Amino acid sequence: MSILIDKSSRVLIQGITGSTGRIYAERMKRDGTPLVGGVTPGRGGQEVAGVPVFDTMAEAVAATGADCVLSAVRPSLALDAVYEAVSSGIRLMVLYSENVPVHDAMKMCAFARAKGVQLLGPNSAGVISPGKANMADISLERTRPGRIGIVSKSGTLTYEAMDTLHAAGLGTSSIVCLGGDPVVGTEFAEVLRLFDADPDTDAVVLIGEPGGGMEFRAAEAVREMGKPVVAYLTGRNAPAEKRMGHAGAVSSASGDTSAAAKAQVLEDAGARIAPRVTQIGAVVAGLLGVGAA
Amino acid sequence: MSILIDKSSRVLIQGITGSTGRIYAERMKRDGTPLVGGVTPGRGGQEVAGVPVFDTMAEAVAATGADCVLSAVRPSLALDAVYEAVSSGIRLMVLYSENVPVHDAMKMCAFARAKGVQLLGPNSAGVISPGKANMADISLERTRPGRIGIVSKSGTLTYEAMDTLHAAGLGTSSIVCLGGDPVVGTEFAEVLRLFDADPDTDAVVLIGEPGGGMEFRAAEAVREMGKPVVAYLTGRNAPAEKRMGHAGAVSSASGDTSAAAKAQVLEDAGARIAPRVTQIGAVVAGLLGVGAA
Amino acid sequence: MITLLEHEGKSLLVRNGFAVPSGALWPALPTCDYPLVAKAQVPVGGRGKAGGIAMVDDAAALETEASRIAAMQIGGHDVRAVYIEERIEAQREFYVCAMVDRDRGCPVLIACAEGGVEIESVPRERIAEVAIDPLIGLRGYALNSLLRGIGCPEDLAGEMRKVLTRLHDALIAEDAEQIEINPLILDAKGRLIAADAKVLLDEDAGFRHPGREAEVGGSAFERSARELGAIGIELDGNVAAMMNGAGMTMATLDELTALGGKVGPLVELHGVMTQGPERVAEIVELLLAQKPAVLFCNIYFQFRRLDDVAEGIVSGLKRIRDAGGTPAPIVVRMAGVKEAEAREILGAAGIPMTDNFAEACDLVIAQCNHSVKEGV
Amino acid sequence: MITLLEHEGKSLLVRNGFAVPSGALWPALPTCDYPLVAKAQVPVGGRGKAGGIAMVDDAAALETEASRIAAMQIGGHDVRAVYIEERIEAQREFYVCAMVDRDRGCPVLIACAEGGVEIESVPRERIAEVAIDPLIGLRGYALNSLLRGIGCPEDLAGEMRKVLTRLHDALIAEDAEQIEINPLILDAKGRLIAADAKVLLDEDAGFRHPGREAEVGGSAFERSARELGAIGIELDGNVAAMMNGAGMTMATLDELTALGGKVGPLVELHGVMTQGPERVAEIVELLLAQKPAVLFCNIYFQFRRLDDVAEGIVSGLKRIRDAGGTPAPIVVRMAGVKEAEAREILGAAGIPMTDNFAEACDLVIAQCNHSVKEGV
């Protein structure tokens with residue numbers, strides 16, 4: 001098993017005829033990801049990487065039975081892309097696009113949540129279940145199938161975490177990147193609960209950062225979980241988060257949202273803290289009593 | 001048991017200081033319905049029928065832990081009433097108001113669905129679980145607790161159906177009125193599935209009418225149900241439904257939506273048809289092999 | 001539901017940003033030159049086939065045709081007015097429509113490259129349709145899908161997008177059930193012009209649109225019922241009936257029909273109960289004025305009060321007698337709130353009452369057969 | 001994020017329907033009479049305490065004060081302009097603000113009956129706040145709740161409702177992160193006037209707002225990085241570093257700090273990789289121009305190509321040497337796409353490369369210690 005995607009997923013790429021879309025399509029085909037089609041308005045009937053291109057998400061879903069979509073459209077089209085994808089009946093969406101306006105992000109996240117669609121992003125590096133399906137900005141050849149889940153705000157640090165797990169003799173069940181933007185569609189807590197219910201995941205690595213309250217809500221999930229969680233918080237030495245003028249201080253999300261404060265709350269909830277990114281694998285291995293710790 | 005509401009529900013009345021609101025409040029208190037408060041903006045701090053009045057739904061929910069609300073506001077306020085109630089975190093809403101504009105109905109139903117709130121109405125006679133809780137336009141003294149569920153588009157025919165069940169020696173577990181308007185928040189199919197899962201319901205009476213496609217979707221639910229369904233379709237002799245000009249004919253909901261056509265589809269799906277409203281109780285009793293059939 | 005006449009619909013379109021041909025209500029004339037067209041203003045379709053539309057090339061023809069059309073009746077409706085309009089040469093004709101899909105619970109936009117004909121005659125696969133989620137409104141991707149669906153040429157796409165957006169926005173802004181433009185014509189200058197307008201408005205949204213009032217349609221009986229706050233349905237039967245609730249009204253019709261009765265006219269009390277017993281009396285008078293063989297009152301209240309209805313019935317019958325009339329026999333079935341009080345009021349006036357629907361129907365049929373035999 | 005100056009913020013308010021005092025940028029003057037007020041235009045708060053606001057009652061005082069303010073520096077910023085404004089007597093002062101709550105993922109409206117003071121100094125329970133669901137927008141019940149929350153008097157409710165509605169609508173229409181009005185004053189005529197404006201705009205929404213461009217703030221180094229399409233962070237250290245991704249940038253800072261290193265300046269490549277190797281070369285030049293003890297390149301690409309980065313590094317170093325400079329030692333850690341190609345390119349230029357983050361950090365620290373010992 002794994003979470004969110006696997007061999008039975010049916011994947012579309014929105015914007016498949018664009019340069020990023022084509023790279024993803026070729027890679028998915030090469031990696032054995034169940035890519036079933038793509039969407040670019042006005043390009044219906046063409047083919048990319050051997051899969052059909054459709055004009056609309058609705059047509060693509062009807063013709064292919066797709067349930068997942070990776071979207072690589074330009075930021076000005078991202079809101080419409082999410083609205084269209086969510087309305088088409090898919091179950092999971094990765095929005096790879098970055099520099100999406102925050103008002104658009106708020107709207108798309110609210111709509112996806114309203115319709116019960118799991119939206120990763122905007123600015124998400126995606127999700128991969130190694131050896132099964134890859135909807136991520138992560139090369140299959142750099143992954144190793146295994147029993148550790150990763151959920152992360154940062155794409156690049158996910159690569160680092162994977163490498164440290166591999167070095168410790170461990171591999172991953174699924175890797176989920178929530179997206180680097182402040183407003184994203186999916187929370188740590190939701191993904192933690194999915195991993196907790198996944199029979200093929202033994203432990204979860206959480207990679208958080210300063211700002212916002214998502215890690216605090218994650219701590220509540222950690223408290224209820226049966227599986228161990230190892231948390232790494234980046235930005236311990238980051239210059240203090242820029243505050244949005246005076247009003248920021250009175251809005252509800254105030255309080256200490258530094259990496260150190262978050263690490264403390266997660267530790268209090270029962271998570272093991274990896275003090276440095278390069279030590280994540282060793283901490284997990286130590287915790288599980290396996291591998292080359 | 002029962003569905004949607006019972007003794008553990010915590011009920012609010014929106015518009016509790018209005019004339020309809022007060023009548024409902026007094027009746028709920030008299031009937032033993034767990035009424036915990038009411039909402040009228042600007043009347044916070046007052047009392048009606050011995051329960052506190054709050055200015056906003058959010059305050060009322062926070063102070064009382066309410067999970068259900070009956071709304072009796074004027075039609076021009078209905079949309080805001082639903083938005084506010086749905087946003088406050090309640091689980092079930094009865095919108096008693098009638099003559100709600102159809103555009104408002106579409107918006108409120110979409111929003112309630114998006115947030116996972118069960119909205120009965122607009123123009124719903126409500127829901128009652130006899131002997132447990134009463135959020136309906138139905139007098140407790142005219143009900144008899146029992147093991148038959150009723151789900152109906154029509155308030156008045158619900159009373160008739162109850163009486164015929166009582167005459168046949170049967171009573172009801174819960175009675176659910178979807179609302180007489182064309183656009184309502186909850187479908188037959190959803191309520192049928194709830195009754196199917198309710199251990200204290202043995203059979204379900206469905207009261208439908210001409211127009212729309214809700215009864216066809218109900219037939220799909222009937223097909224999957226373990227419990228018997230008795231359907232009565234009113235309007236067999238009604239003058240043909242007024243069509244909305246030419247466009248009505250090309251829109252998706254076309255086809256024969258007469259009472260006879262619906263009865264046929266429901267019968268094909270396994271429902272027993274009660275040919276006349278006065279025979280509903282006898283048909284149910286005959287089907288269950290009980291009572292004075 | 002409020003049905004606008006063509007010229008009213010076009011005023012609505014104009015205030016929502018659409019282009020329409022110049023026009024005026026005869027005897028006024030539009031400011032443009034001949035050729036013109038004279039069109040009957042009626043709240044039903046089919047006026048073209050009925051001869052309600054005439055091409056007029058000069059003043060003489062206009063007067064002749066307008067006078068002729070003004071005197072017509074179309075689909076049972078007197079022509080209300082004659083609309084004189086600029087005649088525009090169409091390069092192409094489209095069909096566009098925004099409407100409320102009550103079954104799906106959302107607005108839909110419909111478009112077709114074949115306009116100017118009855119849309120029912122166009123094969124379904126040539127009609128493009130999108131449903132609009134009320135949570136997000138009309139979005140670019142939906143517009144694009146419509147444009148592709150009708151094969152809209154590239155140079156017309158911008159204008160067509162504006163027209164469809166206006167159509168959607170007008171549906172919402174006007175609380176309309178439907179705004180249909182057929183044909184939407186492309187003129188020689190490349191403009192898209194609404195050459196007809198079929199607009200249905202939601203009367204429940206009147207509070208947002210000061211001055212919006214439902215025009216009372218239907219037969220004289222139906223209009224009278226409506227003026228009393230009730231819903232009247234004229235059917236060709238001899239059993240008059242008064243019920244509460246649409247479901248009960250239909251069920252009563254079904255029940256009596258199943259027993260061999262011929263039902264009509266009917267009244268569904270609807271908002272009448274907020275107006276007090278005297279309003280009920282007026283309904284009783286109205287029903288009895290239709291000279292039925294029997295009047296059936298079938299009321300079940302669990303919230304409103306039956307004693308109000310009983311008083312109304314007694315008062316209605318008294319009014320008729322006071323005016324020297326002889327009311328038809330009456331069968332009363334009432335159940336619910338203040339049932340005992342209602343029975344007492346009726347009993348004092350010599351009117352029996354039952355609380356049993358089936359029994360009451362049998363009584364109605366028996367009374368009906370008796371009345372007919374007696375030649376009442 | 002784009003921070004508007006007060007007078008820019010007020011222009012935005014005016015085009016969104018707000019009333020503001022008459023004002024002009026000195027040496028121009030507003031059309032109203034004295035008394036006036038002269039206000040420093042700086043993108044930071046605290047100008048009042050710093051002496052950046054002066055009441056002026058005549059032309060002589062105005063010239064004196066405006067000249068004085070124009071020459072000031074406030075919170076590290078040169079005063080950009082002096083705004084001369086009508087002085088309005090306030091009956092009451094309110095605080096109102098619309099902002100994006102990034103954590104809850106929705107807009108919020110905040111209001112307080114105590115305006116004109118720092119909102120942080122007001123007890124939390126006196127501040128009214130509502131979160132706005134993006135699916136339904138600002139609704140009447142939310143407005144009512146705000147009005148009650150600040151105890152808005154009945155006769156002001158209509159105006160206050162309009163102000164709050166405009167504030168919300170402007171937040172959306174302008175793609176703003178925040179629009180704060182403090183104080184919102186009630187003048188003698190009962191009008192609500194925005195006496196100050198703190199506006200933050202979302203630069204990612206520039207495509208919807210032609211002409212909107214982020215003003216490049218920060219230090220000279222940070223501005224240069226920004227002009228190259230990267231994000232520069234000036235920190236007081238001697239290890240320059242170039243990373244991809246915000247997470248990686250923070251982690252590299254953490255890792256080196258944990259090993260005792262002093263990090264800064266930093267560059268996060270951000271959008272640079274779409275610009276080709278020569279842009280990377282410019283980043284390398286910029287970082288080395290800060291005279292660090294060592295330059296650390298820590299890049300992990302799984303989508304973009306490392307060979308582009310390698311070429312950029314080689315080119316940047318060559319440029320410095322061609323210009324007669326001596327670049328600081330460089331430690332390169334790269335992993336991912338085209339890793340072998342990158343290693344080859346760097347190797348040909350005599351630059352070693354590792355794919356191991358931890359090992360690279362150790363090298364950086366060692367090199368740093370060595371450089372410092374050598375006095376480089």
# chains A, B, ... in the order shown; residues from 1 in each chain; ligands from 1

$ interface_residues --of "chain C" --to "chain B" --cutoff "6 Å" --atoms "only C-alpha atoms" --output "number ranges by chain"
C: 102-103, 105-106, 134, 204-205, 247-248, 250-251, 254, 302

$ write_last_selection --atoms "N, CA and C atoms" --output "PDB file, in the first residue's frame"
ATOM      1  N   ARG C 102     -33.361  23.444 -12.268  1.00  0.00           N
ATOM      2  CA  ARG C 102     -33.883  23.180 -10.933  1.00  0.00           C
ATOM      3  C   ARG C 102     -33.509  21.785 -10.458  1.00  0.00           C
ATOM      4  N   ASP C 103     -33.350  20.874 -11.392  1.00  0.00           N
ATOM      5  CA  ASP C 103     -33.043  19.512 -10.973  1.00  0.00           C
ATOM      6  C   ASP C 103     -31.604  19.393 -10.482  1.00  0.00           C
ATOM      7  N   GLY C 105     -29.909  21.947  -9.583  1.00  0.00           N
ATOM      8  CA  GLY C 105     -29.718  22.979  -8.564  1.00  0.00           C
ATOM      9  C   GLY C 105     -28.629  23.969  -8.894  1.00  0.00           C
ATOM     10  N   CYS C 106     -28.492  24.296 -10.178  1.00  0.00           N
ATOM     11  CA  CYS C 106     -27.461  25.264 -10.559  1.00  0.00           C
ATOM     12  C   CYS C 106     -27.846  25.926 -11.872  1.00  0.00           C
ATOM     13  N   PRO C 134     -22.627  27.272  -8.341  1.00  0.00           N
ATOM     14  CA  PRO C 134     -22.910  28.570  -7.710  1.00  0.00           C
ATOM     15  C   PRO C 134     -21.784  29.041  -6.789  1.00  0.00           C
ATOM     16  N   ASP C 204     -40.444  35.144  -6.432  1.00  0.00           N
ATOM     17  CA  ASP C 204     -40.053  35.107  -5.024  1.00  0.00           C
ATOM     18  C   ASP C 204     -38.929  36.084  -4.712  1.00  0.00           C
ATOM     19  N   ALA C 205     -38.200  36.512  -5.758  1.00  0.00           N
ATOM     20  CA  ALA C 205     -37.083  37.433  -5.533  1.00  0.00           C
ATOM     21  C   ALA C 205     -37.531  38.885  -5.628  1.00  0.00           C
ATOM     22  N   GLY C 247     -48.812  18.946  -2.204  1.00  0.00           N
ATOM     23  CA  GLY C 247     -48.871  17.486  -2.180  1.00  0.00           C
ATOM     24  C   GLY C 247     -50.281  17.010  -1.903  1.00  0.00           C
ATOM     25  N   MET C 248     -50.927  17.624  -0.893  1.00  0.00           N
ATOM     26  CA  MET C 248     -52.297  17.275  -0.524  1.00  0.00           C
ATOM     27  C   MET C 248     -53.264  17.576  -1.666  1.00  0.00           C
ATOM     28  N   MET C 250     -52.619  17.561  -4.884  1.00  0.00           N
ATOM     29  CA  MET C 250     -52.455  16.530  -5.913  1.00  0.00           C
ATOM     30  C   MET C 250     -53.029  15.203  -5.436  1.00  0.00           C
ATOM     31  N   ALA C 251     -52.790  14.877  -4.161  1.00  0.00           N
ATOM     32  CA  ALA C 251     -53.271  13.598  -3.635  1.00  0.00           C
ATOM     33  C   ALA C 251     -54.798  13.548  -3.614  1.00  0.00           C
ATOM     34  N   ASP C 254     -55.943  12.912  -7.047  1.00  0.00           N
ATOM     35  CA  ASP C 254     -55.708  11.505  -7.384  1.00  0.00           C
ATOM     36  C   ASP C 254     -56.748  10.593  -6.735  1.00  0.00           C
ATOM     37  N   GLN C 302     -51.012  21.006  11.049  1.00  0.00           N
ATOM     38  CA  GLN C 302     -50.329  20.675  12.296  1.00  0.00           C
ATOM     39  C   GLN C 302     -49.670  21.921  12.870  1.00  0.00           C
TER      40      GLN C 302
END

$ interface_residues --of "chain D" --to "chain C" --cutoff "12 Å" --atoms "only C-alpha atoms" --output "MDAnalysis selection string"
chainID D and resid 133:137

$ write_last_selection --atoms "N, CA, C and O atoms" --output "PDB file, in the first residue's frame"
ATOM      1  N   ASP D 133     -15.434  33.490   4.573  1.00  0.00           N
ATOM      2  CA  ASP D 133     -15.294  32.289   3.746  1.00  0.00           C
ATOM      3  C   ASP D 133     -15.208  32.717   2.281  1.00  0.00           C
ATOM      4  O   ASP D 133     -16.125  33.356   1.772  1.00  0.00           O
ATOM      5  N   PRO D 134     -14.098  32.371   1.587  1.00  0.00           N
ATOM      6  CA  PRO D 134     -13.963  32.810   0.187  1.00  0.00           C
ATOM      7  C   PRO D 134     -15.088  32.277  -0.704  1.00  0.00           C
ATOM      8  O   PRO D 134     -15.333  32.828  -1.774  1.00  0.00           O
ATOM      9  N   LEU D 135     -15.781  31.243  -0.284  1.00  0.00           N
ATOM     10  CA  LEU D 135     -16.849  30.689  -1.116  1.00  0.00           C
ATOM     11  C   LEU D 135     -18.107  31.557  -1.093  1.00  0.00           C
ATOM     12  O   LEU D 135     -18.928  31.466  -1.997  1.00  0.00           O
ATOM     13  N   ILE D 136     -18.270  32.380  -0.067  1.00  0.00           N
ATOM     14  CA  ILE D 136     -19.496  33.183   0.015  1.00  0.00           C
ATOM     15  C   ILE D 136     -19.227  34.675   0.142  1.00  0.00           C
ATOM     16  O   ILE D 136     -20.129  35.485  -0.051  1.00  0.00           O
ATOM     17  N   GLY D 137     -17.989  35.053   0.457  1.00  0.00           N
ATOM     18  CA  GLY D 137     -17.678  36.470   0.584  1.00  0.00           C
ATOM     19  C   GLY D 137     -18.249  37.079   1.853  1.00  0.00           C
ATOM     20  O   GLY D 137     -18.708  36.367   2.752  1.00  0.00           O
TER      21      GLY D 137
END

$ residues_around --residues "stretch 263-270 of chain A" --least-positions-apart "2" --cutoff "8 Å" --atoms "only C-alpha atoms" --output "PyMOL selection string"
chain A and resi 215-216+218-220+222-223+228-229+231-233+259-261+272-273

$ select_by_dssp --residues "stretch 208-317 of chain D" --states "strand (DSSP E)" --output "short mmCIF file (atom, residue, chain, number, x, y, z; two decimals) with all heavy atoms, in the first residue's frame"
data_model
loop_
_atom_site.label_atom_id
_atom_site.label_comp_id
_atom_site.auth_asym_id
_atom_site.auth_seq_id
_atom_site.Cartn_x
_atom_site.Cartn_y
_atom_site.Cartn_z
N ILE D 231 16.41 35.58 -4.64
CA ILE D 231 16.11 36.20 -3.35
C ILE D 231 17.41 36.27 -2.56
O ILE D 231 18.05 35.25 -2.29
CB ILE D 231 15.07 35.38 -2.58
CG1 ILE D 231 13.74 35.41 -3.34
CG2 ILE D 231 14.89 35.92 -1.16
CD1 ILE D 231 12.72 34.44 -2.83
N GLY D 232 17.84 37.49 -2.25
CA GLY D 232 19.07 37.68 -1.47
C GLY D 232 18.72 37.97 -0.02
O GLY D 232 17.74 38.64 0.27
N ILE D 233 19.51 37.41 0.89
CA ILE D 233 19.33 37.68 2.31
C ILE D 233 20.68 38.10 2.87
O ILE D 233 21.64 37.33 2.84
CB ILE D 233 18.82 36.43 3.05
CG1 ILE D 233 17.48 35.98 2.45
CG2 ILE D 233 18.63 36.72 4.54
CD1 ILE D 233 17.12 34.54 2.77
N VAL D 239 30.38 33.32 5.44
CA VAL D 239 30.16 32.21 4.49
C VAL D 239 29.04 32.61 3.53
O VAL D 239 27.88 32.69 3.94
CB VAL D 239 29.76 30.91 5.22
CG1 VAL D 239 29.52 29.79 4.20
CG2 VAL D 239 30.82 30.50 6.23
N ALA D 240 29.41 32.92 2.30
CA ALA D 240 28.39 33.20 1.31
C ALA D 240 27.81 31.88 0.84
O ALA D 240 28.51 30.86 0.81
CB ALA D 240 28.97 33.97 0.13
N ALA D 241 26.53 31.88 0.50
CA ALA D 241 25.94 30.60 0.09
C ALA D 241 24.83 30.81 -0.93
O ALA D 241 24.14 31.82 -0.93
CB ALA D 241 25.40 29.86 1.32
N MET D 242 24.73 29.81 -1.81
CA MET D 242 23.76 29.86 -2.90
C MET D 242 23.01 28.53 -2.90
O MET D 242 23.63 27.46 -2.97
CB MET D 242 24.54 30.05 -4.19
CG MET D 242 23.78 29.94 -5.46
SD MET D 242 24.86 30.45 -6.85
CE MET D 242 25.21 28.85 -7.58
N MET D 243 21.69 28.58 -2.74
CA MET D 243 20.88 27.37 -2.60
C MET D 243 19.66 27.44 -3.53
O MET D 243 19.33 28.49 -4.04
CB MET D 243 20.35 27.25 -1.16
CG MET D 243 21.29 26.69 -0.15
SD MET D 243 22.55 27.89 0.42
CE MET D 243 21.55 29.32 0.79
N VAL D 263 27.01 32.54 8.80
CA VAL D 263 26.54 32.51 7.42
C VAL D 263 26.01 33.88 6.98
O VAL D 263 25.41 34.61 7.76
CB VAL D 263 25.42 31.46 7.25
CG1 VAL D 263 24.98 31.37 5.80
CG2 VAL D 263 25.92 30.10 7.74
N GLY D 264 26.27 34.20 5.73
CA GLY D 264 25.73 35.40 5.11
C GLY D 264 26.77 35.98 4.20
O GLY D 264 27.96 35.83 4.50
N PRO D 265 26.44 36.53 3.08
CA PRO D 265 25.11 36.67 2.51
C PRO D 265 24.62 35.39 1.82
O PRO D 265 25.43 34.55 1.45
CB PRO D 265 25.32 37.77 1.48
CG PRO D 265 26.73 37.59 1.03
CD PRO D 265 27.49 37.14 2.25
N LEU D 266 23.29 35.29 1.68
CA LEU D 266 22.69 34.11 1.07
C LEU D 266 21.93 34.49 -0.20
O LEU D 266 21.39 35.58 -0.30
CB LEU D 266 21.66 33.49 2.01
CG LEU D 266 22.11 33.02 3.38
CD1 LEU D 266 20.90 32.52 4.18
CD2 LEU D 266 23.12 31.89 3.21
N VAL D 267 21.89 33.53 -1.13
CA VAL D 267 21.00 33.70 -2.29
C VAL D 267 20.19 32.42 -2.50
O VAL D 267 20.76 31.32 -2.50
CB VAL D 267 21.78 34.04 -3.57
CG1 VAL D 267 20.92 33.82 -4.80
CG2 VAL D 267 22.25 35.48 -3.55
N GLU D 268 18.89 32.60 -2.60
CA GLU D 268 18.03 31.47 -2.99
C GLU D 268 17.73 31.67 -4.47
O GLU D 268 17.23 32.72 -4.87
CB GLU D 268 16.74 31.51 -2.15
CG GLU D 268 15.99 30.19 -2.14
CD GLU D 268 14.90 30.08 -3.20
OE1 GLU D 268 13.83 30.65 -2.97
OE2 GLU D 268 15.16 29.43 -4.24
N VAL D 294 34.40 32.12 2.17
CA VAL D 294 34.19 30.95 1.32
C VAL D 294 32.80 31.08 0.68
O VAL D 294 31.91 31.70 1.25
CB VAL D 294 34.33 29.63 2.14
CG1 VAL D 294 33.36 29.62 3.31
CG2 VAL D 294 34.12 28.40 1.27
N LEU D 295 32.69 30.53 -0.51
CA LEU D 295 31.37 30.50 -1.17
C LEU D 295 30.90 29.05 -1.22
O LEU D 295 31.63 28.17 -1.68
CB LEU D 295 31.46 31.07 -2.59
CG LEU D 295 30.19 30.87 -3.45
CD1 LEU D 295 28.97 31.56 -2.84
CD2 LEU D 295 30.43 31.37 -4.88
N PHE D 296 29.68 28.80 -0.74
CA PHE D 296 29.11 27.46 -0.71
C PHE D 296 27.93 27.41 -1.68
O PHE D 296 27.01 28.21 -1.59
CB PHE D 296 28.65 27.15 0.73
CG PHE D 296 28.08 25.76 0.91
CD1 PHE D 296 28.48 24.68 0.11
CD2 PHE D 296 27.13 25.52 1.90
CE1 PHE D 296 27.95 23.41 0.30
CE2 PHE D 296 26.60 24.24 2.09
CZ PHE D 296 27.02 23.19 1.28
N CYS D 297 28.04 26.47 -2.64
CA CYS D 297 26.91 26.24 -3.52
C CYS D 297 26.27 24.92 -3.12
O CYS D 297 26.92 23.88 -3.19
CB CYS D 297 27.36 26.12 -4.98
SG CYS D 297 28.04 27.63 -5.59
N ASN D 298 25.03 24.97 -2.69
CA ASN D 298 24.35 23.76 -2.22
C ASN D 298 23.05 23.58 -2.99
O ASN D 298 22.03 24.16 -2.66
CB ASN D 298 24.09 23.89 -0.71
CG ASN D 298 23.53 22.59 -0.14
OD1 ASN D 298 23.66 21.52 -0.77
ND2 ASN D 298 22.91 22.67 1.02
N ILE D 299 23.12 22.78 -4.03
CA ILE D 299 22.00 22.67 -4.96
C ILE D 299 21.58 21.21 -5.11
O ILE D 299 22.41 20.33 -5.29
CB ILE D 299 22.40 23.17 -6.37
CG1 ILE D 299 23.12 24.51 -6.30
CG2 ILE D 299 21.18 23.24 -7.28
CD1 ILE D 299 22.26 25.69 -6.01
N TYR D 300 20.29 20.98 -5.03
CA TYR D 300 19.75 19.63 -5.25
C TYR D 300 18.58 19.80 -6.22
O TYR D 300 17.54 20.33 -5.87
CB TYR D 300 19.27 19.05 -3.91
CG TYR D 300 19.16 17.54 -3.88
CD1 TYR D 300 19.40 16.84 -2.70
CD2 TYR D 300 18.80 16.80 -5.01
CE1 TYR D 300 19.31 15.46 -2.64
CE2 TYR D 300 18.70 15.42 -4.96
CZ TYR D 300 18.94 14.75 -3.77
OH TYR D 300 18.85 13.39 -3.71
N PHE D 301 18.80 19.37 -7.46
CA PHE D 301 17.74 19.48 -8.47
C PHE D 301 17.21 18.11 -8.83
O PHE D 301 17.99 17.21 -9.13
CB PHE D 301 18.26 20.13 -9.76
CG PHE D 301 18.34 21.63 -9.70
CD1 PHE D 301 19.25 22.31 -10.52
CD2 PHE D 301 17.50 22.38 -8.89
CE1 PHE D 301 19.33 23.69 -10.50
CE2 PHE D 301 17.58 23.77 -8.86
CZ PHE D 301 18.50 24.42 -9.67
#

$ atom_distance --atom1 "atom CA of D:His168" --atom2 "atom CA of D:Ala98"
6.0 Å

$ residues_around --residues "A:Arg43" --least-positions-apart "3" --cutoff "6 Å" --atoms "only C-alpha atoms" --output "list in words"
Thr40, Gln46 and Asp55 of chain A

$ write_last_selection --atoms "N, CA, C and O atoms" --output "short mmCIF file (atom, residue, chain, number, x, y, z; two decimals), in the first residue's frame"
data_model
loop_
_atom_site.label_atom_id
_atom_site.label_comp_id
_atom_site.auth_asym_id
_atom_site.auth_seq_id
_atom_site.Cartn_x
_atom_site.Cartn_y
_atom_site.Cartn_z
N THR A 40 -5.12 20.15 -22.58
CA THR A 40 -4.76 21.51 -22.99
C THR A 40 -5.90 22.00 -23.88
O THR A 40 -6.18 21.38 -24.91
N GLN A 46 -4.65 15.62 -29.98
CA GLN A 46 -3.20 15.41 -30.12
C GLN A 46 -2.76 14.30 -29.16
O GLN A 46 -3.56 13.76 -28.39
N ASP A 55 -9.50 18.53 -24.62
CA ASP A 55 -9.73 19.97 -24.50
C ASP A 55 -10.11 20.38 -23.08
O ASP A 55 -9.81 21.49 -22.65
#

$ residues_around --residues "stretch 192-203 of chain B" --least-positions-apart "4" --cutoff "7 Å" --atoms "only C-alpha atoms" --output "ChimeraX atom specification"
/B:1-3,147-149,173,188,221,225-229

$ atom_distance --atom1 "atom CA of A:Ala72" --atom2 "atom CA of A:Pro122"
10.1 Å

$ atom_distance --atom1 "atom CA of C:Pro352" --atom2 "atom CA of C:Val272"
23.2 Å

$ closest_residue --among "B:Gly50, B:Gly131, B:Gly116, B:Gly286" --to "chain A" --atoms "only C-alpha atoms"
B:Gly116

$ select_by_dssp --residues "stretch 171-293 of chain D" --states "alpha helix (DSSP H)" --output "ChimeraX atom specification"
/D:171-173,220-227,246-258,277-288

$ closest_residue --among "A:Ala133, A:Ala66, A:Ala49, A:Ala112" --to "chain B" --atoms "only C-alpha atoms"
A:Ala112

$ residues_around --residues "D:Glu8" --least-positions-apart "6" --cutoff "12 Å" --atoms "only C-alpha atoms" --output "PyMOL selection string"
chain D and resi 2+14-15+20+23-25+41-43+80-81+83+179+196-201+212

$ residues_around --residues "A:Val53" --least-positions-apart "6" --cutoff "9 Å" --atoms "only C-alpha atoms" --output "number ranges by chain"
A: 16-17, 37-41, 43-47, 60

$ write_last_selection --atoms "C-alpha atoms" --output "short mmCIF file (atom, residue, chain, number, x, y, z; two decimals), in the first residue's frame"
data_model
loop_
_atom_site.label_atom_id
_atom_site.label_comp_id
_atom_site.auth_asym_id
_atom_site.auth_seq_id
_atom_site.Cartn_x
_atom_site.Cartn_y
_atom_site.Cartn_z
CA ILE A 16 0.48 18.58 -20.87
CA THR A 17 1.53 20.34 -24.09
CA GLY A 37 -3.98 11.46 -20.63
CA GLY A 38 -3.57 15.19 -20.56
CA VAL A 39 -5.52 18.39 -21.00
CA THR A 40 -4.76 21.51 -22.99
CA PRO A 41 -7.69 23.57 -24.29
CA ARG A 43 -5.27 20.69 -28.35
CA GLY A 44 -7.84 17.94 -28.05
CA GLY A 45 -6.98 14.98 -30.32
CA GLN A 46 -3.20 15.41 -30.12
CA GLU A 47 -0.89 13.02 -28.27
CA ALA A 60 -10.51 13.69 -20.11
#
